[in-house]
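Student: This is coords-v7.txt (compact mmCIF, C-alpha atoms).
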```txt
# COMPACT_ATOMS: atom_id res chain seq x y z
CA MET A 1 -37.06 -31.33 -3.08
CA THR A 2 -37.41 -27.69 -2.11
CA PRO A 3 -39.19 -27.50 1.22
CA ALA A 4 -41.29 -24.45 1.96
CA ALA A 5 -39.65 -21.84 4.16
CA HIS A 6 -41.94 -22.67 7.07
CA THR A 7 -41.39 -26.45 6.98
CA LEU A 8 -41.46 -27.85 10.50
CA ALA A 9 -39.21 -30.65 11.65
CA PRO A 10 -41.16 -33.88 12.24
CA LEU A 11 -42.17 -34.22 15.90
CA ALA A 12 -40.70 -37.70 16.32
CA PHE A 13 -37.32 -36.47 15.09
CA VAL A 14 -37.25 -33.51 17.48
CA LEU A 15 -38.14 -35.89 20.32
CA GLN A 16 -35.33 -38.24 19.33
CA LEU A 17 -32.82 -35.36 19.53
CA ALA A 18 -34.32 -34.23 22.84
CA ASP A 19 -34.29 -37.70 24.39
CA ASN A 20 -30.64 -38.16 23.43
CA ALA A 21 -29.67 -34.91 25.11
CA LEU A 22 -31.75 -35.50 28.24
CA VAL A 23 -30.66 -39.09 28.85
CA LEU A 24 -26.94 -38.37 28.45
CA GLY A 25 -27.35 -35.17 30.48
CA GLN A 26 -28.92 -37.19 33.29
CA ARG A 27 -26.22 -39.86 33.10
CA ASN A 28 -23.36 -37.39 33.22
CA ALA A 29 -25.04 -35.57 36.11
CA GLU A 30 -24.46 -38.73 38.16
CA TRP A 31 -20.84 -37.59 38.44
CA CYS A 32 -21.88 -34.41 40.21
CA GLY A 33 -20.08 -34.45 43.55
CA HIS A 34 -18.16 -37.61 42.57
CA GLY A 35 -15.79 -36.34 39.86
CA PRO A 36 -12.20 -37.58 39.91
CA ALA A 37 -11.04 -34.03 40.71
CA LEU A 38 -12.89 -30.89 41.71
CA GLU A 39 -12.13 -29.23 38.38
CA GLU A 40 -13.28 -32.25 36.39
CA ASP A 41 -16.42 -32.53 38.48
CA ILE A 42 -17.35 -29.01 37.39
CA ALA A 43 -16.47 -29.78 33.76
CA LEU A 44 -18.80 -32.80 33.73
CA ALA A 45 -21.57 -30.83 35.39
CA ASN A 46 -21.17 -28.14 32.71
CA ASN A 47 -21.45 -30.82 30.04
CA SER A 48 -24.65 -32.11 31.69
CA LEU A 49 -26.15 -28.66 31.91
CA ASP A 50 -25.38 -28.01 28.24
CA LEU A 51 -27.16 -31.24 27.30
CA ILE A 52 -30.13 -30.60 29.57
CA GLY A 53 -30.34 -27.08 28.10
CA GLN A 54 -30.44 -28.58 24.61
CA ALA A 55 -33.13 -31.02 25.76
CA ARG A 56 -35.22 -28.18 27.19
CA MET A 57 -35.14 -26.22 23.93
CA LEU A 58 -35.97 -29.32 21.89
CA TYR A 59 -38.82 -30.43 24.19
CA SER A 60 -40.26 -26.92 24.11
CA LEU A 61 -40.14 -27.01 20.33
CA ALA A 62 -41.75 -30.47 20.33
CA ALA A 63 -44.44 -29.29 22.74
CA THR A 64 -45.57 -26.62 20.26
CA HIS A 65 -46.19 -29.47 17.77
CA VAL A 66 -48.12 -31.60 20.27
CA GLY A 67 -50.53 -28.89 21.37
CA PRO A 68 -51.43 -26.79 24.40
CA SER A 69 -51.57 -29.77 26.78
CA ALA A 70 -47.84 -30.48 26.30
CA THR A 71 -44.89 -28.74 27.95
CA GLU A 72 -41.19 -29.49 28.09
CA ASP A 73 -41.82 -31.03 31.52
CA SER A 74 -44.69 -33.26 30.41
CA LEU A 75 -42.52 -34.63 27.61
CA ALA A 76 -39.52 -35.19 29.88
CA TYR A 77 -41.30 -36.53 32.98
CA TRP A 78 -44.49 -38.19 31.82
CA ARG A 79 -43.31 -40.44 29.00
CA GLY A 80 -42.28 -44.01 29.78
CA PRO A 81 -39.11 -45.79 28.64
CA GLU A 82 -40.90 -47.35 25.65
CA GLU A 83 -41.64 -43.85 24.37
CA PHE A 84 -38.04 -42.63 24.58
CA ARG A 85 -36.02 -42.69 21.37
CA ASN A 86 -32.47 -42.07 22.59
CA TYR A 87 -29.55 -44.23 21.48
CA THR A 88 -29.00 -47.21 23.78
CA LEU A 89 -25.37 -46.05 24.12
CA LEU A 90 -26.49 -43.03 26.14
CA GLU A 91 -28.53 -44.89 28.77
CA LEU A 92 -25.81 -47.39 29.74
CA PRO A 93 -24.35 -46.98 33.23
CA HIS A 94 -20.83 -45.62 33.72
CA HIS A 95 -19.18 -49.00 33.86
CA GLY A 96 -18.01 -51.85 31.69
CA PRO A 97 -20.10 -54.94 30.95
CA LEU A 98 -18.96 -57.04 33.89
CA ALA A 99 -19.12 -54.60 36.79
CA PRO A 100 -21.49 -55.72 39.55
CA SER A 101 -23.38 -52.45 39.95
CA ALA A 102 -23.35 -48.92 38.66
CA ARG A 103 -22.74 -47.39 42.07
CA GLN A 104 -19.83 -49.64 42.92
CA ALA A 105 -17.93 -49.15 39.72
CA ARG A 106 -18.46 -45.76 38.14
CA ASP A 107 -15.77 -45.73 35.48
CA PHE A 108 -14.50 -42.38 34.21
CA ALA A 109 -13.06 -43.99 31.06
CA THR A 110 -16.50 -45.29 30.05
CA THR A 111 -18.00 -41.84 30.61
CA ILE A 112 -15.32 -40.19 28.52
CA VAL A 113 -15.41 -42.68 25.64
CA ARG A 114 -19.21 -42.44 25.50
CA ASN A 115 -19.05 -38.64 25.43
CA PHE A 116 -16.47 -38.86 22.68
CA LEU A 117 -18.50 -41.24 20.48
CA TYR A 118 -21.68 -39.20 20.91
CA SER A 119 -20.28 -35.68 20.58
CA ASN A 120 -18.28 -36.78 17.55
CA LEU A 121 -21.58 -37.78 15.94
CA MET A 122 -23.52 -34.73 17.08
CA VAL A 123 -21.01 -32.20 15.79
CA GLY A 124 -21.91 -33.58 12.35
CA VAL A 125 -25.66 -33.74 13.01
CA TRP A 126 -25.87 -30.17 14.30
CA ALA A 127 -23.79 -28.93 11.37
CA GLN A 128 -26.35 -30.45 9.01
CA LEU A 129 -29.31 -29.08 10.96
CA LEU A 130 -27.88 -25.54 10.86
CA HIS A 131 -29.41 -25.43 7.37
CA SER A 132 -32.75 -26.89 8.39
CA PRO A 133 -35.74 -25.03 6.94
CA ASP A 134 -37.30 -25.22 10.41
CA ALA A 135 -35.94 -21.94 11.74
CA GLN A 136 -36.31 -22.92 15.39
CA LEU A 137 -34.47 -26.19 14.90
CA ALA A 138 -31.73 -24.36 12.99
CA ALA A 139 -31.40 -21.88 15.87
CA ILE A 140 -31.11 -24.71 18.40
CA ALA A 141 -28.46 -26.33 16.18
CA ALA A 142 -26.51 -23.06 16.09
CA LYS A 143 -26.36 -22.96 19.89
CA ALA A 144 -25.81 -26.69 20.36
CA ILE A 145 -22.97 -27.02 17.86
CA LYS A 146 -20.70 -24.72 19.89
CA GLU A 147 -21.38 -26.65 23.08
CA THR A 148 -20.95 -29.97 21.31
CA ARG A 149 -17.62 -28.94 19.77
CA TYR A 150 -16.34 -28.27 23.25
CA HIS A 151 -17.69 -31.62 24.51
CA LEU A 152 -15.84 -33.33 21.68
CA ARG A 153 -12.65 -31.46 22.48
CA HIS A 154 -12.91 -32.30 26.16
CA ALA A 155 -13.62 -35.98 25.52
CA HIS A 156 -10.98 -36.31 22.79
CA ASP A 157 -8.43 -34.77 25.10
CA TRP A 158 -9.20 -37.24 27.88
CA VAL A 159 -9.22 -40.26 25.56
CA VAL A 160 -5.72 -39.28 24.44
CA ARG A 161 -4.51 -38.58 27.99
CA LEU A 162 -5.85 -41.84 29.38
CA GLY A 163 -4.91 -43.93 26.36
CA ASP A 164 -1.39 -42.56 26.25
CA GLY A 165 -1.13 -42.49 30.05
CA THR A 166 -0.33 -45.23 32.53
CA ASP A 167 -0.80 -48.96 31.92
CA THR A 168 -3.91 -48.84 34.06
CA SER A 169 -5.50 -45.85 32.36
CA HIS A 170 -4.67 -47.32 28.95
CA ALA A 171 -6.28 -50.64 29.81
CA ARG A 172 -9.38 -48.99 31.20
CA VAL A 173 -9.99 -46.69 28.24
CA GLN A 174 -9.36 -49.58 25.83
CA ALA A 175 -11.89 -51.71 27.74
CA ALA A 176 -14.41 -48.87 27.56
CA LEU A 177 -13.88 -48.48 23.82
CA ASP A 178 -14.28 -52.23 23.24
CA HIS A 179 -17.43 -52.23 25.35
CA LEU A 180 -19.10 -49.22 23.70
CA MET A 181 -18.13 -49.46 20.02
CA PRO A 182 -20.83 -52.04 19.13
CA TYR A 183 -23.49 -49.57 20.32
CA THR A 184 -22.43 -47.08 17.65
CA GLN A 185 -23.78 -49.35 14.90
CA GLU A 186 -27.18 -47.95 15.79
CA PHE A 187 -26.17 -44.48 14.54
CA TRP A 188 -26.29 -45.28 10.83
CA PRO A 189 -29.49 -47.02 9.64
CA ALA A 190 -32.28 -44.41 9.67
CA SER A 191 -35.04 -44.73 12.27
CA ASP A 192 -38.60 -43.89 11.19
CA ALA A 193 -38.17 -40.49 12.80
CA GLU A 194 -34.91 -39.83 10.97
CA GLN A 195 -36.40 -41.02 7.68
CA ALA A 196 -39.27 -38.58 8.21
CA ALA A 197 -36.74 -35.79 8.80
CA ILE A 198 -34.82 -36.74 5.68
CA ASP A 199 -38.04 -36.83 3.62
CA ALA A 200 -39.07 -33.43 5.01
CA GLY A 201 -35.78 -31.94 3.79
CA MET A 202 -34.35 -31.12 7.23
CA GLY A 203 -30.80 -31.42 5.91
CA LEU A 204 -30.13 -34.66 7.76
CA ASN A 205 -27.92 -37.08 5.82
CA LEU A 206 -26.84 -40.06 7.91
CA SER A 207 -24.57 -41.65 5.31
CA ALA A 208 -22.62 -38.40 4.92
CA LEU A 209 -22.01 -38.38 8.70
CA GLN A 210 -20.26 -41.71 8.89
CA ALA A 211 -16.97 -40.95 7.07
CA PRO A 212 -16.02 -37.82 9.08
CA TRP A 213 -17.10 -39.59 12.29
CA GLN A 214 -14.88 -42.54 11.46
CA GLN A 215 -11.99 -40.27 10.51
CA GLN A 216 -12.09 -38.36 13.82
CA LEU A 217 -12.37 -41.66 15.69
CA THR A 218 -9.37 -43.13 13.85
CA GLU A 219 -7.34 -39.99 14.54
CA THR A 220 -8.14 -39.87 18.24
CA VAL A 221 -7.61 -43.59 18.74
CA ALA A 222 -4.22 -43.39 17.00
CA LEU A 223 -3.12 -40.41 19.11
CA ALA A 224 -4.21 -42.29 22.21
CA GLN A 225 -2.19 -45.40 21.22
CA LEU A 226 -5.38 -47.44 21.41
CA LYS A 227 -6.60 -50.28 19.22
CA LEU A 228 -9.73 -49.49 17.25
CA SER A 229 -12.25 -52.10 18.25
CA SER A 230 -14.65 -53.12 15.53
CA ALA A 231 -18.30 -52.26 15.81
CA GLN A 232 -19.82 -55.70 15.39
CA GLY A 233 -22.38 -58.04 16.86
CA PHE A 234 -25.66 -57.08 18.51
CA VAL A 235 -27.15 -53.90 17.09
CA SER A 236 -28.94 -51.92 19.76
CA GLY A 237 -32.30 -50.31 18.97
CA GLY A 238 -32.81 -47.46 21.41
CA LYS A 239 -33.69 -44.92 18.75
CA ASN A 240 -36.45 -47.29 17.61
CA GLY A 241 -37.76 -47.60 21.17
CA MET A 242 -36.12 -50.93 22.06
CA HIS A 243 -34.01 -50.11 25.09
CA SER A 244 -31.79 -51.90 27.55
CA GLU A 245 -33.03 -52.41 31.10
CA HIS A 246 -30.91 -49.46 32.21
CA LEU A 247 -33.20 -46.78 30.78
CA SER A 248 -36.12 -47.57 33.08
CA TYR A 249 -33.90 -47.23 36.16
CA LEU A 250 -32.50 -43.96 34.88
CA LEU A 251 -35.98 -42.60 34.17
CA SER A 252 -37.40 -43.73 37.49
CA ASP A 253 -34.60 -41.82 39.22
CA MET A 254 -35.20 -38.76 37.08
CA GLN A 255 -39.00 -38.81 36.96
CA SER A 256 -39.95 -39.93 40.48
CA LEU A 257 -40.04 -36.46 41.99
CA ALA A 258 -42.19 -34.95 39.24
CA ARG A 259 -44.55 -37.92 39.43
CA ALA A 260 -44.83 -37.97 43.23
CA HIS A 261 -45.51 -34.22 43.32
CA PRO A 262 -47.22 -33.25 40.06
CA GLN A 263 -47.19 -29.50 39.46
CA ALA A 264 -44.47 -29.07 42.06
CA VAL A 265 -42.46 -25.87 41.62
CA TRP A 266 -38.89 -25.42 42.79
CA MET B 1 1.79 -50.00 26.55
CA SER B 2 1.00 -53.42 28.01
CA SER B 3 -2.37 -54.57 29.21
CA SER B 4 -2.66 -54.60 32.98
CA LYS B 5 -4.08 -57.64 34.74
CA ASP B 6 -4.90 -55.84 37.95
CA MET B 7 -7.06 -53.29 36.15
CA GLY B 8 -8.95 -51.15 38.59
CA SER B 9 -7.44 -52.68 41.72
CA LYS B 10 -4.25 -50.63 41.73
CA PRO B 11 -4.89 -47.08 42.85
CA LEU B 12 -4.08 -44.36 40.35
CA LYS B 13 -1.50 -41.76 41.24
CA PRO B 14 -3.00 -39.36 43.74
CA LEU B 15 -4.53 -36.36 42.04
CA HIS B 16 -2.60 -33.91 44.20
CA GLU B 17 0.41 -34.80 42.06
CA TRP B 18 -1.12 -32.66 39.34
CA PRO B 19 0.84 -29.41 39.47
CA LEU B 20 -0.77 -26.12 40.42
CA TRP B 21 -1.58 -23.42 37.84
CA GLU B 22 -2.52 -19.77 38.24
CA VAL B 23 -5.39 -18.60 36.07
CA PHE B 24 -5.72 -15.13 34.53
CA VAL B 25 -8.91 -14.11 32.73
CA ARG B 26 -9.58 -11.13 30.50
CA SER B 27 -13.18 -10.11 30.95
CA LYS B 28 -13.49 -7.91 27.84
CA GLN B 29 -11.49 -6.99 24.78
CA GLY B 30 -9.15 -4.16 25.68
CA LEU B 31 -9.00 -4.92 29.38
CA GLU B 32 -6.05 -6.63 31.01
CA HIS B 33 -5.95 -10.25 32.17
CA LYS B 34 -6.66 -10.44 35.89
CA HIS B 35 -5.67 -13.16 38.28
CA CYS B 36 -8.81 -15.03 39.29
CA GLY B 37 -7.62 -18.18 41.03
CA SER B 38 -5.71 -21.40 40.68
CA LEU B 39 -6.32 -25.05 39.86
CA HIS B 40 -4.62 -28.42 39.55
CA ALA B 41 -4.03 -29.84 36.07
CA SER B 42 -1.66 -32.27 34.43
CA ASP B 43 -0.32 -29.88 31.78
CA ALA B 44 -0.89 -26.47 30.19
CA GLN B 45 -3.62 -27.50 27.72
CA HIS B 46 -5.43 -29.40 30.44
CA ALA B 47 -5.16 -26.37 32.72
CA LEU B 48 -6.60 -24.14 30.01
CA GLN B 49 -9.64 -26.37 29.54
CA LEU B 50 -10.24 -26.77 33.23
CA ALA B 51 -9.90 -23.00 33.66
CA ARG B 52 -12.58 -22.55 31.00
CA ASP B 53 -14.89 -24.85 32.95
CA VAL B 54 -14.10 -23.56 36.42
CA TYR B 55 -13.61 -19.81 35.93
CA THR B 56 -15.56 -18.74 32.81
CA ARG B 57 -18.82 -20.63 33.13
CA ARG B 58 -20.76 -17.46 33.92
CA GLN B 59 -19.42 -15.55 30.92
CA GLU B 60 -16.57 -14.04 32.88
CA GLY B 61 -14.09 -14.00 30.06
CA VAL B 62 -12.98 -13.77 26.46
CA SER B 63 -9.40 -14.93 26.98
CA ILE B 64 -7.55 -17.12 29.47
CA TRP B 65 -3.89 -17.38 30.48
CA VAL B 66 -2.56 -20.18 32.64
CA VAL B 67 0.85 -20.03 34.27
CA PRO B 68 2.58 -22.74 36.31
CA SER B 69 2.43 -21.51 39.89
CA ASN B 70 6.04 -22.49 40.46
CA ALA B 71 7.09 -20.16 37.61
CA ILE B 72 5.97 -17.19 39.66
CA THR B 73 8.56 -15.56 41.89
CA ALA B 74 6.79 -13.85 44.76
CA SER B 75 7.95 -11.35 47.31
CA GLU B 76 8.43 -12.68 50.82
CA PRO B 77 6.04 -11.64 53.58
CA ASN B 78 9.17 -11.15 55.75
CA ASP B 79 10.45 -8.53 53.31
CA LYS B 80 7.32 -6.45 53.74
CA ALA B 81 9.01 -3.82 55.89
CA GLU B 82 11.91 -3.07 53.55
CA PHE B 83 9.89 -3.58 50.36
CA PHE B 84 6.78 -1.58 51.04
CA ASP B 85 7.01 0.56 54.14
CA PRO B 86 9.49 3.11 52.70
CA SER B 87 6.87 4.33 50.22
CA ALA B 88 4.37 5.08 52.94
CA ASP B 89 5.56 8.69 53.46
CA LYS B 90 6.31 9.66 49.86
CA ILE B 91 3.11 11.52 49.25
CA TYR B 92 4.80 13.57 46.52
CA ARG B 93 4.73 10.44 44.34
CA HIS B 94 0.96 10.78 44.06
CA PRO B 95 -0.10 13.18 41.31
CA THR B 96 -2.21 15.23 43.66
CA PHE B 97 -0.09 18.42 43.54
CA TYR B 98 -1.18 19.41 40.08
CA VAL B 99 -4.17 21.54 39.32
CA ILE B 100 -6.01 20.02 36.39
CA PRO B 101 -7.34 22.71 34.06
CA ASP B 102 -11.09 22.62 33.61
CA GLU B 103 -10.72 22.13 29.84
CA VAL B 104 -9.08 18.75 30.42
CA GLY B 105 -12.23 17.45 32.07
CA HIS B 106 -12.25 14.08 33.78
CA MET B 107 -8.91 12.33 34.06
```
The structure in this file should be written as structure tokens.

Tutor:
Amino acid sequence: MTPAAHTLAPLAFVLQLADNALVLGQRNAEWCGHGPALEEDIALANNSLDLIGQARMLYSLAATHVGPSATEDSLAYWRGPEEFRNYTLLELPHHGPLAPSARQARDFATTIVRNFLYSNLMVGVWAQLLHSPDAQLAAIAAKAIKETRYHLRHAHDWVVRLGDGTDTSHARVQAALDHLMPYTQEFWPASDAEQAAIDAGMGLNLSALQAPWQQQLTETVALAQLKLSSAQGFVSGGKNGMHSEHLSYLLSDMQSLARAHPQAVW
Amino acid sequence: MSSSKDMGSKPLKPLHEWPLWEVFVRSKQGLEHKHCGSLHASDAQHALQLARDVYTRRQEGVSIWVVPSNAITASEPNDKAEFFDPSADKIYRHPTFYVIPDEVGHM
């Protein structure tokens, strides 16, 4: 297929990319003021701002598809959890499966492993979208890939430090990996939005992403002296709109101000 | 590496045990690295990445050096008199006694 030079990326696919960036950006922002060290607090806030910046560009692009009534804000603040298409992985709180509440047990290892699994994927996705015939999407990919490479480097570095660190840090990062790996199964079978992007010739190729993703994962896990947990069992469906209960809490936090004060400017 | 049963209950080593690093940033190609601050980090690579996040997030730099603070030998404040005061009256060390020819222009 040779798509025309002006081919636009399918709206649903742009929204999926945007929702991913916004939801993880919001999650990582929860560390702001609570980082394990001042320097790391700033690093996580930078990561959040990169992701929210990517979300803004993608929502703005999506809004041009929707029409004059839509803006980046209307897409971010006025869609409900059932309309979001982010991976379930990204909406989970910063703690393992058995912690009593998110606030009590914010776990840096979970944050880091999640950032690793996601940025490892997105480095591949953005590299493919660099060649998208949608010029705006390709331009966003060109900016995002640099940020995402740094996120991967930062997360990889921490996985290795914690895994090859003390007994406690090793156990915690291993627990986080065991907890999160099953959620990566969702990456590979195409959602309707991804299938539409593939059919439109956007350059997306999910099956080509898996081998390099797995290779980086294997490398990092080996350096970190961790055991690679298998991705098995329940397959989450966030990118198809079937979310965990955590997304609605995250969105209500994020959207309450815009909804209580529509048109507010700050 | 053994699995720890008291996971999460034993406090990690305090963060102030991370050593201190001095950070030098070059703002543009051709300019020198300038000292811009310090930070705590566990090793040199870690310090470099934290320096990127702490000191170059507003496009301040194109290159970063980090140096362990304890590798720097500093002059003592008590030595100030013998170190620095003797140069206070050596005005002839300033190149202000030369007349710069007009053709040279700005120097």

Student: Could you list as a list in words every residue that has an atom within 12 Å of (-9.3, -46.5, 15.6), using the file's coordinates and counting all atoms listed in the file?

Tutor: Leu117, Val159, Val160, Gly163, Gln174, Leu177, Asp178, Met181, Trp213, Gln214, Gln215, Gln216, Leu217, Thr218, Glu219, Thr220, Val221, Ala222, Leu223, Ala224, Gln225, Leu226, Lys227, Leu228, Ser229, Ser230 and Ala231 of chain A

Student: Nearest to chain B: which of A:Gln26, A:Thr168, A:Ser60, A:Asn86 is it, counting all atoms listed in the file?

Tutor: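 Of A:Gln26, A:Thr168, A:Ser60, A:Asn86, the one nearest chain B, counting all atoms listed in the file, is A:Thr168.
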
Student: Which polymer residues have any atom within 12 Å of an atom of Asp199 in chain A, counting all atoms listed in the file, with same-chain residues fewer than 2 positions away left out, as a list in words?

Tutor: Met1, Thr2, Pro3, Thr7, Leu8, Ala9, Pro10, Phe13, Ala190, Asp192, Ala193, Glu194, Gln195, Ala196, Ala197, Gly201, Met202, Gly203, Leu204 and Asn205 of chain A

Student: Quick check: residues of chain A within 12 Å of chain B, only C-alpha atoms, returned as a PyMOL selection string.

Tutor: chain A and resi 35-47+49-50+95-96+99+104-109+147+150-151+153-158+160-175+224-227

Student: So what do you get for CA of Gln29 in chain B versus CA of Val62 in chain B, distance-wise?

Tutor: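 Distance between the two atoms: 7.1 Å.
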
Student: At what distance in Å, to one decimal, does CA of Asn28 in chain A lie from CA of Met254 in chain A?

Tutor: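 Computed distance, CA of Met254 in chain A to CA of Asn28 in chain A, equals 12.5 Å.
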
Student: Just how far from CA of Leu206 in chain A is CA of Glu245 in chain A, in Å to one decimal?

Tutor: 27.0 Å

Student: Using all atoms listed in the file for the distances, tell me which of A:Thr111, A:His261, A:Asp253, A:Ser191 is nearest to Leu92 in chain A.

Tutor: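 Going through A:Thr111, A:His261, A:Asp253, A:Ser191 one by one, the smallest distance to Leu92 in chain A is for A:Thr111.
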
Student: Can you rebuild range 64-78 of chain B with N, CA and C atoms and give it as a compact mmCIF listing (two decimals), in the frame of the given file?

Tutor:
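What landed in rebuild-v5.txt:
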```txt
# COMPACT_ATOMS: atom_id res chain seq x y z
N ILE B 64 -8.09 -16.52 28.24
CA ILE B 64 -7.55 -17.12 29.47
C ILE B 64 -6.04 -17.32 29.32
N TRP B 65 -5.30 -16.99 30.38
CA TRP B 65 -3.89 -17.38 30.48
C TRP B 65 -3.76 -18.36 31.64
N VAL B 66 -2.93 -19.36 31.48
CA VAL B 66 -2.56 -20.18 32.64
C VAL B 66 -1.04 -20.18 32.76
N VAL B 67 -0.58 -20.12 33.98
CA VAL B 67 0.85 -20.03 34.27
C VAL B 67 1.17 -21.03 35.38
N PRO B 68 2.22 -21.83 35.21
CA PRO B 68 2.58 -22.74 36.31
C PRO B 68 2.88 -21.93 37.57
N SER B 69 2.25 -22.31 38.66
CA SER B 69 2.43 -21.51 39.89
C SER B 69 3.90 -21.44 40.29
N ASN B 70 4.64 -22.52 40.03
CA ASN B 70 6.04 -22.49 40.46
C ASN B 70 6.92 -21.64 39.54
N ALA B 71 6.33 -21.08 38.45
CA ALA B 71 7.09 -20.16 37.61
C ALA B 71 6.98 -18.73 38.12
N ILE B 72 6.14 -18.54 39.12
CA ILE B 72 5.97 -17.19 39.66
C ILE B 72 6.93 -16.99 40.83
N THR B 73 7.69 -15.91 40.76
CA THR B 73 8.56 -15.56 41.89
C THR B 73 7.84 -14.49 42.69
N ALA B 74 7.59 -14.77 43.94
CA ALA B 74 6.79 -13.85 44.76
C ALA B 74 7.66 -13.19 45.82
N SER B 75 7.24 -12.02 46.22
CA SER B 75 7.95 -11.35 47.31
C SER B 75 7.64 -12.07 48.62
N GLU B 76 8.58 -11.98 49.55
CA GLU B 76 8.43 -12.68 50.82
C GLU B 76 7.67 -11.81 51.81
N PRO B 77 6.74 -12.42 52.54
CA PRO B 77 6.04 -11.64 53.58
C PRO B 77 7.04 -11.00 54.56
N ASN B 78 8.17 -11.68 54.82
CA ASN B 78 9.17 -11.15 55.75
C ASN B 78 9.85 -9.89 55.23
```
